[in-house]
Structures are given as structure tokens and as C-alpha cells.
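Participant: Structure file upload33.pdb, PDB, C-alpha atoms, is pasted below:
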ATOM      1  CA  MET A 679      79.415 364.908 205.765  1.00  0.00           C
ATOM      2  CA  PRO A 680      75.732 364.439 205.133  1.00  0.00           C
ATOM      3  CA  GLY A 681      74.581 367.633 206.824  1.00  0.00           C
ATOM      4  CA  LYS A 682      75.118 369.989 203.940  1.00  0.00           C
ATOM      5  CA  VAL A 683      74.192 369.868 200.286  1.00  0.00           C
ATOM      6  CA  ASN A 684      75.148 372.065 197.363  1.00  0.00           C
ATOM      7  CA  CYS A 685      73.013 372.889 194.326  1.00  0.00           C
ATOM      8  CA  ARG A 686      74.211 369.895 192.384  1.00  0.00           C
ATOM      9  CA  GLU A 687      73.154 367.564 195.169  1.00  0.00           C
ATOM     10  CA  ALA A 688      69.976 369.505 195.973  1.00  0.00           C
ATOM     11  CA  SER A 689      68.792 369.270 192.380  1.00  0.00           C
ATOM     12  CA  ARG A 690      69.391 365.542 192.411  1.00  0.00           C
ATOM     13  CA  LEU A 691      67.422 365.136 195.641  1.00  0.00           C
ATOM     14  CA  LEU A 692      64.569 367.181 194.206  1.00  0.00           C
ATOM     15  CA  SER A 693      64.472 365.019 191.135  1.00  0.00           C
ATOM     16  CA  VAL A 694      64.562 361.815 193.153  1.00  0.00           C
ATOM     17  CA  ALA A 695      61.706 363.187 195.264  1.00  0.00           C
ATOM     18  CA  CYS A 696      59.565 363.044 192.120  1.00  0.00           C
ATOM     19  CA  GLU A 697      59.947 359.266 192.192  1.00  0.00           C
ATOM     20  CA  ARG A 698      59.036 358.873 195.814  1.00  0.00           C
ATOM     21  CA  ASP A 699      55.808 358.861 197.631  1.00  0.00           C
ATOM     22  CA  ARG A 700      54.450 362.365 197.593  1.00  0.00           C
ATOM     23  CA  ALA A 701      53.872 362.181 201.303  1.00  0.00           C
ATOM     24  CA  SER A 702      57.481 361.483 202.150  1.00  0.00           C
ATOM     25  CA  ARG A 703      59.300 364.464 203.537  1.00  0.00           C
ATOM     26  CA  GLU A 704      62.270 366.141 201.971  1.00  0.00           C
ATOM     27  CA  PRO A 705      65.523 365.508 203.819  1.00  0.00           C
ATOM     28  CA  ASP A 706      66.390 368.239 206.330  1.00  0.00           C
ATOM     29  CA  ALA A 707      69.579 369.078 204.503  1.00  0.00           C
ATOM     30  CA  LEU A 708      67.579 369.732 201.361  1.00  0.00           C
ATOM     31  CA  GLN A 709      65.040 371.871 203.142  1.00  0.00           C
ATOM     32  CA  TYR A 710      67.820 373.878 204.701  1.00  0.00           C
ATOM     33  CA  HIS A 711      69.412 374.403 201.321  1.00  0.00           C
ATOM     34  CA  LEU A 712      66.139 375.386 199.677  1.00  0.00           C
ATOM     35  CA  GLY A 713      65.513 377.913 202.395  1.00  0.00           C
ATOM     36  CA  ARG A 714      68.649 379.738 201.375  1.00  0.00           C
ATOM     37  CA  CYS A 715      68.869 379.115 197.667  1.00  0.00           C
ATOM     38  CA  LEU A 716      66.525 380.891 195.278  1.00  0.00           C
ATOM     39  CA  MET A 717      67.997 379.115 192.251  1.00  0.00           C
ATOM     40  CA  CYS A 718      67.106 375.715 193.613  1.00  0.00           C
ATOM     41  CA  ARG A 719      63.658 376.925 194.613  1.00  0.00           C
ATOM     42  CA  ASN A 720      63.230 378.019 191.011  1.00  0.00           C
ATOM     43  CA  PHE A 721      64.350 374.589 189.915  1.00  0.00           C
ATOM     44  CA  GLU A 722      61.859 372.992 192.271  1.00  0.00           C
ATOM     45  CA  SER A 723      58.956 374.996 190.796  1.00  0.00           C
ATOM     46  CA  GLN A 724      60.163 374.142 187.336  1.00  0.00           C
ATOM     47  CA  LEU A 725      60.059 370.441 188.149  1.00  0.00           C
ATOM     48  CA  ARG A 726      56.457 370.782 189.227  1.00  0.00           C
ATOM     49  CA  PHE A 727      55.654 372.639 186.057  1.00  0.00           C
ATOM     50  CA  LEU A 728      57.403 370.052 183.879  1.00  0.00           C
ATOM     51  CA  ARG A 729      55.326 367.337 185.443  1.00  0.00           C
ATOM     52  CA  LYS A 730      52.118 369.232 184.846  1.00  0.00           C
ATOM     53  CA  ALA A 731      53.003 370.074 181.257  1.00  0.00           C
ATOM     54  CA  ALA A 732      54.082 366.521 180.508  1.00  0.00           C
ATOM     55  CA  LYS A 733      50.786 365.159 181.783  1.00  0.00           C
ATOM     56  CA  ARG A 734      48.946 367.514 179.535  1.00  0.00           C
ATOM     57  CA  LEU A 735      50.914 366.542 176.479  1.00  0.00           C
ATOM     58  CA  SER A 736      49.284 363.128 176.233  1.00  0.00           C
ATOM     59  CA  SER A 737      45.797 364.525 175.742  1.00  0.00           C
ATOM     60  CA  GLN A 738      46.486 367.566 173.598  1.00  0.00           C
ATOM     61  CA  ASP A 739      44.065 368.394 170.841  1.00  0.00           C
TER      62      ASP A 739
ATOM     63  CA  MET B  22      29.412 363.120 149.855  1.00  0.00           C
ATOM     64  CA  SER B  23      32.701 363.382 151.652  1.00  0.00           C
ATOM     65  CA  THR B  24      35.480 361.249 150.316  1.00  0.00           C
ATOM     66  CA  PRO B  25      38.115 360.316 152.845  1.00  0.00           C
ATOM     67  CA  VAL B  26      40.739 362.519 151.212  1.00  0.00           C
ATOM     68  CA  THR B  27      38.843 365.730 151.797  1.00  0.00           C
ATOM     69  CA  ASP B  28      38.063 365.174 155.445  1.00  0.00           C
ATOM     70  CA  PRO B  29      39.497 368.212 157.224  1.00  0.00           C
ATOM     71  CA  ARG B  30      40.467 366.032 160.119  1.00  0.00           C
ATOM     72  CA  PHE B  31      43.213 364.447 158.036  1.00  0.00           C
ATOM     73  CA  ALA B  32      45.493 367.415 158.434  1.00  0.00           C
ATOM     74  CA  GLU B  33      44.669 367.436 162.095  1.00  0.00           C
ATOM     75  CA  ILE B  34      45.554 363.779 162.451  1.00  0.00           C
ATOM     76  CA  GLU B  35      48.813 364.404 160.655  1.00  0.00           C
ATOM     77  CA  SER B  36      49.686 367.189 163.080  1.00  0.00           C
ATOM     78  CA  HIS B  37      49.937 364.621 165.871  1.00  0.00           C
ATOM     79  CA  ARG B  38      52.581 362.601 164.047  1.00  0.00           C
ATOM     80  CA  PRO B  39      55.605 363.938 166.000  1.00  0.00           C
ATOM     81  CA  TYR B  40      53.959 363.129 169.302  1.00  0.00           C
ATOM     82  CA  LEU B  41      52.950 359.674 168.112  1.00  0.00           C
ATOM     83  CA  LEU B  42      56.431 358.988 166.880  1.00  0.00           C
ATOM     84  CA  ARG B  43      57.808 359.912 170.262  1.00  0.00           C
ATOM     85  CA  TYR B  44      55.354 357.552 171.883  1.00  0.00           C
ATOM     86  CA  ALA B  45      56.312 354.741 169.522  1.00  0.00           C
ATOM     87  CA  LEU B  46      60.016 355.392 170.083  1.00  0.00           C
ATOM     88  CA  SER B  47      59.554 355.249 173.833  1.00  0.00           C
ATOM     89  CA  GLN B  48      58.059 351.808 173.465  1.00  0.00           C
ATOM     90  CA  LEU B  49      60.038 350.315 170.623  1.00  0.00           C
ATOM     91  CA  ARG B  50      63.461 351.975 170.834  1.00  0.00           C
ATOM     92  CA  ASP B  51      63.975 351.450 167.160  1.00  0.00           C
ATOM     93  CA  GLY B  52      63.467 354.312 164.774  1.00  0.00           C
ATOM     94  CA  GLN B  53      62.410 352.213 161.867  1.00  0.00           C
ATOM     95  CA  LEU B  54      59.962 350.090 163.817  1.00  0.00           C
ATOM     96  CA  ALA B  55      58.548 353.232 165.413  1.00  0.00           C
ATOM     97  CA  GLU B  56      57.998 354.862 162.017  1.00  0.00           C
ATOM     98  CA  GLU B  57      56.309 351.713 160.855  1.00  0.00           C
ATOM     99  CA  ALA B  58      53.983 351.611 163.848  1.00  0.00           C
ATOM    100  CA  VAL B  59      53.020 355.267 163.420  1.00  0.00           C
ATOM    101  CA  GLN B  60      52.425 354.818 159.718  1.00  0.00           C
ATOM    102  CA  GLU B  61      50.147 351.856 160.314  1.00  0.00           C
ATOM    103  CA  ALA B  62      48.333 353.639 163.115  1.00  0.00           C
ATOM    104  CA  LEU B  63      47.720 356.742 161.022  1.00  0.00           C
ATOM    105  CA  LEU B  64      46.391 354.670 158.160  1.00  0.00           C
ATOM    106  CA  ALA B  65      44.089 352.828 160.520  1.00  0.00           C
ATOM    107  CA  ALA B  66      42.974 356.135 161.991  1.00  0.00           C
ATOM    108  CA  LEU B  67      42.191 357.567 158.569  1.00  0.00           C
ATOM    109  CA  GLU B  68      40.081 354.556 157.786  1.00  0.00           C
ATOM    110  CA  SER B  69      38.112 354.738 160.985  1.00  0.00           C
ATOM    111  CA  ILE B  70      37.939 358.479 161.602  1.00  0.00           C
ATOM    112  CA  GLY B  71      34.186 358.138 161.253  1.00  0.00           C
ATOM    113  CA  SER B  72      34.067 356.183 164.485  1.00  0.00           C
ATOM    114  CA  PHE B  73      35.913 358.856 166.441  1.00  0.00           C
ATOM    115  CA  GLY B  74      33.197 360.423 168.516  1.00  0.00           C
ATOM    116  CA  GLY B  75      35.206 363.187 170.131  1.00  0.00           C
ATOM    117  CA  LYS B  76      34.630 361.817 173.605  1.00  0.00           C
ATOM    118  CA  SER B  77      38.349 361.818 174.251  1.00  0.00           C
ATOM    119  CA  SER B  78      40.860 364.136 172.638  1.00  0.00           C
ATOM    120  CA  LEU B  79      42.012 363.237 169.148  1.00  0.00           C
ATOM    121  CA  ARG B  80      45.488 362.588 170.495  1.00  0.00           C
ATOM    122  CA  THR B  81      44.206 360.149 173.090  1.00  0.00           C
ATOM    123  CA  TRP B  82      42.245 358.318 170.422  1.00  0.00           C
ATOM    124  CA  LEU B  83      45.232 358.155 168.069  1.00  0.00           C
ATOM    125  CA  THR B  84      47.469 356.954 170.875  1.00  0.00           C
ATOM    126  CA  SER B  85      45.105 354.119 171.681  1.00  0.00           C
ATOM    127  CA  ILE B  86      45.266 352.956 168.063  1.00  0.00           C
ATOM    128  CA  LEU B  87      49.014 353.278 168.060  1.00  0.00           C
ATOM    129  CA  ARG B  88      49.271 351.296 171.264  1.00  0.00           C
ATOM    130  CA  PHE B  89      47.860 348.247 169.522  1.00  0.00           C
ATOM    131  CA  LYS B  90      50.210 348.626 166.590  1.00  0.00           C
ATOM    132  CA  VAL B  91      53.135 348.914 168.968  1.00  0.00           C
ATOM    133  CA  ILE B  92      52.157 345.803 170.883  1.00  0.00           C
ATOM    134  CA  ASP B  93      51.776 343.994 167.613  1.00  0.00           C
ATOM    135  CA  LEU B  94      55.230 345.040 166.429  1.00  0.00           C
ATOM    136  CA  GLN B  95      56.765 344.215 169.808  1.00  0.00           C
ATOM    137  CA  ARG B  96      55.373 340.744 169.532  1.00  0.00           C
ATOM    138  CA  ARG B  97      56.709 340.302 166.043  1.00  0.00           C
ATOM    139  CA  ALA B  98      60.086 341.665 167.069  1.00  0.00           C
ATOM    140  CA  SER B  99      60.389 339.362 170.050  1.00  0.00           C
ATOM    141  CA  THR B 100      59.438 336.287 168.073  1.00  0.00           C
ATOM    142  CA  GLU B 101      62.140 337.221 165.619  1.00  0.00           C
ATOM    143  CA  ARG B 102      64.373 337.540 168.662  1.00  0.00           C
ATOM    144  CA  LEU B 103      65.203 341.011 167.625  1.00  0.00           C
ATOM    145  CA  HIS B 104      66.103 342.050 171.089  1.00  0.00           C
ATOM    146  CA  PHE B 105      67.926 345.193 171.933  1.00  0.00           C
ATOM    147  CA  ASP B 106      70.182 345.042 174.925  1.00  0.00           C
ATOM    148  CA  ALA B 107      70.608 347.778 177.436  1.00  0.00           C
ATOM    149  CA  GLY B 108      74.017 348.746 176.106  1.00  0.00           C
ATOM    150  CA  ASP B 109      73.162 352.320 175.288  1.00  0.00           C
ATOM    151  CA  PHE B 110      72.034 352.864 178.833  1.00  0.00           C
ATOM    152  CA  ALA B 111      75.262 351.807 180.389  1.00  0.00           C
ATOM    153  CA  ALA B 112      77.093 354.284 178.218  1.00  0.00           C
ATOM    154  CA  GLU B 113      74.629 357.077 178.787  1.00  0.00           C
ATOM    155  CA  SER B 114      74.166 356.862 182.498  1.00  0.00           C
ATOM    156  CA  GLU B 115      77.644 355.941 183.593  1.00  0.00           C
ATOM    157  CA  GLY B 116      79.763 358.734 184.835  1.00  0.00           C
ATOM    158  CA  GLU B 117      78.557 362.184 185.591  1.00  0.00           C
ATOM    159  CA  ALA B 118      80.449 364.163 183.023  1.00  0.00           C
ATOM    160  CA  TRP B 119      77.225 365.678 181.771  1.00  0.00           C
ATOM    161  CA  LEU B 120      76.611 367.101 185.257  1.00  0.00           C
ATOM    162  CA  ASP B 121      79.917 368.925 185.116  1.00  0.00           C
ATOM    163  CA  ASP B 122      78.526 370.946 182.244  1.00  0.00           C
ATOM    164  CA  LEU B 123      75.723 372.162 184.468  1.00  0.00           C
ATOM    165  CA  PHE B 124      77.481 372.649 187.810  1.00  0.00           C
ATOM    166  CA  ASP B 125      80.872 374.108 188.636  1.00  0.00           C
ATOM    167  CA  GLU B 126      83.544 372.520 190.869  1.00  0.00           C
ATOM    168  CA  THR B 127      81.826 373.830 193.992  1.00  0.00           C
ATOM    169  CA  GLY B 128      78.496 372.363 192.932  1.00  0.00           C
ATOM    170  CA  HIS B 129      76.863 375.659 192.000  1.00  0.00           C
ATOM    171  CA  TRP B 130      74.669 376.108 188.947  1.00  0.00           C
ATOM    172  CA  ARG B 131      76.681 377.388 186.025  1.00  0.00           C
ATOM    173  CA  VAL B 132      73.532 378.960 184.625  1.00  0.00           C
ATOM    174  CA  PRO B 133      71.212 379.648 187.555  1.00  0.00           C
ATOM    175  CA  PRO B 134      67.584 378.619 187.002  1.00  0.00           C
ATOM    176  CA  GLN B 135      65.408 381.718 186.651  1.00  0.00           C
ATOM    177  CA  ALA B 136      61.953 382.388 187.991  1.00  0.00           C
ATOM    178  CA  TRP B 137      59.666 381.627 185.062  1.00  0.00           C
ATOM    179  CA  SER B 138      57.010 384.194 184.514  1.00  0.00           C
ATOM    180  CA  ASP B 139      53.483 382.885 184.241  1.00  0.00           C
ATOM    181  CA  PRO B 140      54.180 379.293 183.242  1.00  0.00           C
ATOM    182  CA  GLU B 141      50.449 378.527 183.399  1.00  0.00           C
ATOM    183  CA  ALA B 142      49.812 380.860 180.498  1.00  0.00           C
ATOM    184  CA  ALA B 143      52.382 379.002 178.428  1.00  0.00           C
ATOM    185  CA  LEU B 144      50.275 375.853 178.651  1.00  0.00           C
ATOM    186  CA  GLU B 145      47.591 377.584 176.620  1.00  0.00           C
ATOM    187  CA  GLN B 146      49.861 378.535 173.759  1.00  0.00           C
ATOM    188  CA  ARG B 147      50.401 376.373 170.734  1.00  0.00           C
ATOM    189  CA  ARG B 148      53.870 377.769 170.186  1.00  0.00           C
ATOM    190  CA  PHE B 149      54.892 376.679 173.660  1.00  0.00           C
ATOM    191  CA  TRP B 150      53.942 373.104 172.910  1.00  0.00           C
ATOM    192  CA  GLU B 151      55.958 373.142 169.720  1.00  0.00           C
ATOM    193  CA  ILE B 152      58.980 374.192 171.730  1.00  0.00           C
ATOM    194  CA  PHE B 153      58.223 371.685 174.455  1.00  0.00           C
ATOM    195  CA  GLU B 154      58.191 368.868 171.922  1.00  0.00           C
ATOM    196  CA  ARG B 155      61.314 370.123 170.252  1.00  0.00           C
ATOM    197  CA  CYS B 156      63.049 370.201 173.629  1.00  0.00           C
ATOM    198  CA  LEU B 157      61.929 366.618 174.236  1.00  0.00           C
ATOM    199  CA  ASP B 158      63.469 365.672 170.916  1.00  0.00           C
ATOM    200  CA  ARG B 159      66.795 367.082 171.970  1.00  0.00           C
ATOM    201  CA  LEU B 160      67.139 364.855 175.001  1.00  0.00           C
ATOM    202  CA  PRO B 161      69.596 361.992 174.571  1.00  0.00           C
ATOM    203  CA  GLY B 162      67.882 358.754 173.506  1.00  0.00           C
ATOM    204  CA  ALA B 163      67.448 357.017 176.841  1.00  0.00           C
ATOM    205  CA  ALA B 164      66.589 360.219 178.675  1.00  0.00           C
ATOM    206  CA  GLY B 165      63.900 361.130 176.182  1.00  0.00           C
ATOM    207  CA  ARG B 166      62.401 357.675 176.204  1.00  0.00           C
ATOM    208  CA  VAL B 167      62.380 357.201 179.961  1.00  0.00           C
ATOM    209  CA  PHE B 168      61.071 360.698 180.593  1.00  0.00           C
ATOM    210  CA  PHE B 169      58.291 360.121 178.109  1.00  0.00           C
ATOM    211  CA  LYS B 170      57.232 356.926 179.837  1.00  0.00           C
ATOM    212  CA  ARG B 171      57.484 358.380 183.305  1.00  0.00           C
ATOM    213  CA  GLU B 172      55.998 361.834 182.926  1.00  0.00           C
ATOM    214  CA  ILE B 173      53.906 361.770 179.807  1.00  0.00           C
ATOM    215  CA  LEU B 174      52.501 358.282 179.993  1.00  0.00           C
ATOM    216  CA  GLY B 175      52.645 358.281 183.802  1.00  0.00           C
ATOM    217  CA  GLU B 176      54.189 354.832 184.124  1.00  0.00           C
ATOM    218  CA  GLU B 177      55.622 353.818 187.474  1.00  0.00           C
ATOM    219  CA  THR B 178      59.384 354.089 187.796  1.00  0.00           C
ATOM    220  CA  GLU B 179      59.591 350.472 188.857  1.00  0.00           C
ATOM    221  CA  ALA B 180      57.830 349.252 185.723  1.00  0.00           C
ATOM    222  CA  ILE B 181      60.046 351.408 183.540  1.00  0.00           C
ATOM    223  CA  CYS B 182      63.245 350.086 185.122  1.00  0.00           C
ATOM    224  CA  LYS B 183      62.085 346.553 184.634  1.00  0.00           C
ATOM    225  CA  ASP B 184      61.081 347.159 181.074  1.00  0.00           C
ATOM    226  CA  GLU B 185      64.339 348.908 180.262  1.00  0.00           C
ATOM    227  CA  ARG B 186      66.309 346.405 182.290  1.00  0.00           C
ATOM    228  CA  ILE B 187      68.121 348.970 184.378  1.00  0.00           C
ATOM    229  CA  THR B 188      68.455 349.553 188.108  1.00  0.00           C
ATOM    230  CA  ALA B 189      66.276 352.033 189.937  1.00  0.00           C
ATOM    231  CA  SER B 190      69.192 354.340 190.618  1.00  0.00           C
ATOM    232  CA  ASN B 191      70.132 354.287 186.958  1.00  0.00           C
ATOM    233  CA  CYS B 192      66.578 355.157 186.127  1.00  0.00           C
ATOM    234  CA  TRP B 193      66.659 358.102 188.525  1.00  0.00           C
ATOM    235  CA  VAL B 194      69.861 359.415 187.051  1.00  0.00           C
ATOM    236  CA  ILE B 195      68.395 359.212 183.571  1.00  0.00           C
ATOM    237  CA  LEU B 196      65.222 360.994 184.642  1.00  0.00           C
ATOM    238  CA  HIS B 197      67.219 363.637 186.451  1.00  0.00           C
ATOM    239  CA  ARG B 198      69.225 364.235 183.352  1.00  0.00           C
ATOM    240  CA  ALA B 199      66.067 364.533 181.294  1.00  0.00           C
ATOM    241  CA  ARG B 200      64.507 367.042 183.675  1.00  0.00           C
ATOM    242  CA  LEU B 201      67.630 369.177 183.815  1.00  0.00           C
ATOM    243  CA  GLY B 202      67.909 369.123 180.052  1.00  0.00           C
ATOM    244  CA  LEU B 203      64.295 369.923 179.490  1.00  0.00           C
ATOM    245  CA  ARG B 204      64.139 372.795 181.944  1.00  0.00           C
ATOM    246  CA  ALA B 205      67.282 374.326 180.492  1.00  0.00           C
ATOM    247  CA  CYS B 206      65.896 374.019 176.989  1.00  0.00           C
ATOM    248  CA  LEU B 207      62.564 375.594 177.927  1.00  0.00           C
ATOM    249  CA  GLU B 208      64.247 378.382 179.803  1.00  0.00           C
ATOM    250  CA  LYS B 209      66.459 379.151 176.884  1.00  0.00           C
ATOM    251  CA  ASN B 210      63.823 378.919 174.190  1.00  0.00           C
ATOM    252  CA  TRP B 211      60.682 380.079 175.896  1.00  0.00           C
ATOM    253  CA  PHE B 212      60.845 381.517 179.368  1.00  0.00           C
ATOM    254  CA  GLY B 213      64.156 383.277 179.031  1.00  0.00           C
ATOM    255  CA  GLY B 214      63.205 384.957 175.789  1.00  0.00           C
ATOM    256  CA  VAL B 215      62.077 388.197 177.359  1.00  0.00           C
ATOM    257  CA  GLU B 216      64.377 389.084 180.236  1.00  0.00           C
ATOM    258  CA  SER B 217      67.694 387.655 179.176  1.00  0.00           C
ATOM    259  CA  ALA B 218      69.291 387.665 175.785  1.00  0.00           C
ATOM    260  CA  GLY B 219      71.326 384.503 176.397  1.00  0.00           C
TER     261      GLY B 219
END
Would you encode the structure as C-alpha cells?
Facilitator:
Amino acid sequence: MPGKVNCREASRLLSVACERDRASREPDALQYHLGRCLMCRNFESQLRFLRKAAKRLSSQD
Amino acid sequence: MSTPVTDPRFAEIESHRPYLLRYALSQLRDGQLAEEAVQEALLAALESIGSFGGKSSLRTWLTSILRFKVIDLQRRASTERLHFDAGDFAAESEGEAWLDDLFDETGHWRVPPQAWSDPEAALEQRRFWEIFERCLDRLPGAAGRVFFKREILGEETEAICKDERITASNCWVILHRARLGLRACLEKNWFGGVESAG
């Protein structure tokens, strides 16, 4: 059933969210999961950091 | 009088070689061609270092030279009909066996992602960037290449899929794999160094 996601699915949704419009909202099931799962919240912050670091890599001195 | 060989910027230029090679690989997908492009770009850079005004970063300047070399080689390769098919992608993105290494049967992380302490500070450290690049190198071929195009060069996913001749969902899987691999590598080799021994 689509209502619930586990970490494996949550991480996939978070990654896919990087490809979508920034304005688009995370699915409810993902938000629910994130609210209860510190590991996936860590993963989410790490994704943001990866993106930032990667951007910086192209203009390093 | 400064002869080209003694210009201190030569060593600096050389230090960007790994990054440039990664760029070339992301565009050409052929190790030998990529090496060739980088070699030509570095030679061209050495010859024209005098015209580098420091308005952009050295890396940005070098990349712009390399871009031309890459386009040139791509043209040559396509006229020789040296075309690579998407075979490696099919093999790499099909199946989710690699996910089973990261998640258990119930879908939980096998190694839970940690809270990274002060990631911003890492961005200022040379050693961090060495590790970051080494982690990029460890990604499987397609994952490294697609991630590089998407996140480092900032290309749109759609353009990447088209260029790589893969479907959007394939592209997403590959990027997901790259992100998971990269974060695990950084956690192990940089962020996890202090708190956890493993």
C-alpha cells in the first residue's frame, strides 16, 4: 500500500526530489517517515550538502 | 625573464589534472580519449597561461579550454563513427542488487547515516576535497559520470538522459546510486573519522 514507506523507499524519494522542481512538495508518506526517522533526516541533510559541495568543485582554486 | 618552465603556476595547473580528467571522462566515456583531451588542454593552458587574468578561478579557466578539446574530440570520434552504445548502463542500472547491500530485508539502513558534524567547515579544507574527489573516483562508471554532469556541471537531468540515451527513471536510479555511494564514502573517510572507528 502506498501509505507507508521504509528507509529504502524514503531515500529513493529524497533522491528523486533532487531532480524535481524545488517547489514541489514531498509526498505525505515521505514527510511522515522523515518525521519519525532520524537516519533519513540525516540522509536528507547529506544530500543537500553533497549538492553544495559538488557545485563548489567546479570552481575550486 | 621568466621562461615557461619556471612559471610557478605550472604546478598549480597540474594539480587540477584529476578534476579535468573526471570532466573529460564524463563527456567522452573513453579513458584514452579523455586522457588525450586533458593532455591537449593542459598543453594549451601552459602556452596561454599569460592570458589568464584571474577573473575566474584557475579551474574554471582550465575547464573552458578543456571543453573545446572535448568537443573537438567528440566531433572526430563521431565522424569516425566511434560510437559507444549504452550497454554498460543497462548492466549497471538493471536490478537492485546494489541496494540490498545498503538496506536489509525490512528496508532499514544497514549502516545508519550519521549526523555529520560541521560539514560547512569541511568545505574549507583541502584534505576534504581530496577525499571528495577520491570518493567520486570510486563510483561505478555510469554513476560517476552522470553524477558529475548533474551535480558538478549542473546539467539538467533531461539533457543528461538524452545524451546518455537512457530513460529518466534509469537516470534517477543511477543518480541515486551515486549519491548513496558518495555519502557513504564521505562518512567513512571524513565525517565518521572522529566518533566511530568503523
Participant: Where does the PyMOL selection byres ((chain A) within 8 of (chain B)) land in this file, that is, which residues does it pick, as a list in words?
Facilitator: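 Written out, the selection comes to Asn684, Cys685, Arg686, Glu687, Arg690, Ser693, Val694, Glu697, Met717, Cys718, Asn720, Phe721, Gln724, Leu725, Phe727, Leu728, Arg729, Ala731, Ala732, Lys733, Arg734, Leu735, Ser736, Ser737, Gln738 and Asp739 of chain A.
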Participant: I'd like the contact shell of Gln48 (chain B) - 8 Å cut-off, only C-alpha atoms, skipping same-chain residues fewer than 2 positions apart - returned as JSON, numbers by chain.
Facilitator: {"B": [44, 45, 46, 50, 91, 166]}
Participant: Take the residues that were just selected and, keeping C-alpha atoms, output them as a PDB file, in the coordinates of the input.
Facilitator:
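Wrote part07.pdb, looks like this:
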ATOM      1  CA  TYR B  44      55.354 357.552 171.883  1.00  0.00           C
ATOM      2  CA  ALA B  45      56.312 354.741 169.522  1.00  0.00           C
ATOM      3  CA  LEU B  46      60.016 355.392 170.083  1.00  0.00           C
ATOM      4  CA  ARG B  50      63.461 351.975 170.834  1.00  0.00           C
ATOM      5  CA  VAL B  91      53.135 348.914 168.968  1.00  0.00           C
ATOM      6  CA  ARG B 166      62.401 357.675 176.204  1.00  0.00           C
TER       7      ARG B 166
END
Participant: Can you translate the PyMOL selection byres ((chain B and resi 69) around 12) into the concrete residues it hits in this file, as a tab-separated table (two decimals) with C-alpha atoms, in the frame of the given file?
Facilitator:
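Listing of part11.tsv after writing:
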chain	number	residue	atom	x	y	z
B	25	PRO	CA	38.12	360.32	152.84
B	28	ASP	CA	38.06	365.17	155.44
B	30	ARG	CA	40.47	366.03	160.12
B	31	PHE	CA	43.21	364.45	158.04
B	34	ILE	CA	45.55	363.78	162.45
B	62	ALA	CA	48.33	353.64	163.12
B	63	LEU	CA	47.72	356.74	161.02
B	64	LEU	CA	46.39	354.67	158.16
B	65	ALA	CA	44.09	352.83	160.52
B	66	ALA	CA	42.97	356.14	161.99
B	67	LEU	CA	42.19	357.57	158.57
B	68	GLU	CA	40.08	354.56	157.79
B	70	ILE	CA	37.94	358.48	161.60
B	71	GLY	CA	34.19	358.14	161.25
B	72	SER	CA	34.07	356.18	164.48
B	73	PHE	CA	35.91	358.86	166.44
B	74	GLY	CA	33.20	360.42	168.52
B	82	TRP	CA	42.24	358.32	170.42
B	83	LEU	CA	45.23	358.16	168.07
B	86	ILE	CA	45.27	352.96	168.06
Participant: CA of Glu35 (chain B) and CA of Leu87 (chain B), how far apart in Å?
Facilitator: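 Answer for the CA of Leu87 (chain B) to CA of Glu35 (chain B) separation: 13.4 Å.
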Participant: Can you measure CA of Ala58 (chain B) to CA of Leu94 (chain B) for me? One decimal in Å is fine.
Facilitator: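 CA of Leu94 (chain B) lies at a distance of 7.2 Å from CA of Ala58 (chain B).
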Participant: Considering only C-alpha atoms, state which residue in the set A:Tyr710, A:Arg698, A:Leu692, A:Arg703 is at the smallest distance from Ser723 (chain A).
Facilitator: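 Ranking A:Tyr710, A:Arg698, A:Leu692, A:Arg703 by distance to Ser723 (chain A), first place goes to A:Leu692.
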Participant: Any idea what the distance is between CA of Phe149 (chain B) and CA of Pro39 (chain B)?
Facilitator: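 Distance between the two atoms: 14.9 Å.
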Participant: So which residues fall inside 10 Å of (61.4, 379.2, 173.5) if we count only C-alpha atoms? Mind giving them as a list of chain:residue names?
Facilitator: B:Arg148, B:Phe149, B:Trp150, B:Glu151, B:Ile152, B:Phe153, B:Arg155, B:Cys156, B:Cys206, B:Leu207, B:Glu208, B:Lys209, B:Asn210, B:Trp211, B:Phe212, B:Gly213, B:Gly214, B:Val215
Participant: So that I have them on file, write out the residues from the current selection with C-alpha atoms, as an mmCIF file, in the coordinates of the input.
Facilitator:
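The result, written out as result_1.cif:
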data_model
loop_
_atom_site.group_PDB
_atom_site.id
_atom_site.type_symbol
_atom_site.label_atom_id
_atom_site.label_comp_id
_atom_site.auth_asym_id
_atom_site.auth_seq_id
_atom_site.Cartn_x
_atom_site.Cartn_y
_atom_site.Cartn_z
ATOM 1 C CA ARG B 148 53.870 377.769 170.186
ATOM 2 C CA PHE B 149 54.892 376.679 173.660
ATOM 3 C CA TRP B 150 53.942 373.104 172.910
ATOM 4 C CA GLU B 151 55.958 373.142 169.720
ATOM 5 C CA ILE B 152 58.980 374.192 171.730
ATOM 6 C CA PHE B 153 58.223 371.685 174.455
ATOM 7 C CA ARG B 155 61.314 370.123 170.252
ATOM 8 C CA CYS B 156 63.049 370.201 173.629
ATOM 9 C CA CYS B 206 65.896 374.019 176.989
ATOM 10 C CA LEU B 207 62.564 375.594 177.927
ATOM 11 C CA GLU B 208 64.247 378.382 179.803
ATOM 12 C CA LYS B 209 66.459 379.151 176.884
ATOM 13 C CA ASN B 210 63.823 378.919 174.190
ATOM 14 C CA TRP B 211 60.682 380.079 175.896
ATOM 15 C CA PHE B 212 60.845 381.517 179.368
ATOM 16 C CA GLY B 213 64.156 383.277 179.031
ATOM 17 C CA GLY B 214 63.205 384.957 175.789
ATOM 18 C CA VAL B 215 62.077 388.197 177.359
#
Participant: Report the centre and edge lengths, in Å to one decimal, of an axis-aligned box enclosing every atom of region 186-203 of chain B listed in the file, padded by 8 Å on each side, as JSON.
Facilitator:
{"center_x": 67.2, "center_y": 358.2, "center_z": 185.1, "size_x": 21.8, "size_y": 39.5, "size_z": 27.1}
Participant: Given all atoms listed in the file as the basis, pick out the residue of B:Arg147, B:Lys76, B:Arg43, B:Arg131 nearest to Leu160 (chain B).
Facilitator: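 For Leu160 (chain B), the nearest of the given residues is B:Arg43.
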Participant: Identify which of the residues B:Leu42, B:Ala164, B:Ala32, B:Ala98 lies closest to Gly202 (chain B), counting only C-alpha atoms when measuring atom-to-atom distances.
Facilitator: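 Going through B:Leu42, B:Ala164, B:Ala32, B:Ala98 one by one, the smallest distance to Gly202 (chain B) is for B:Ala164.
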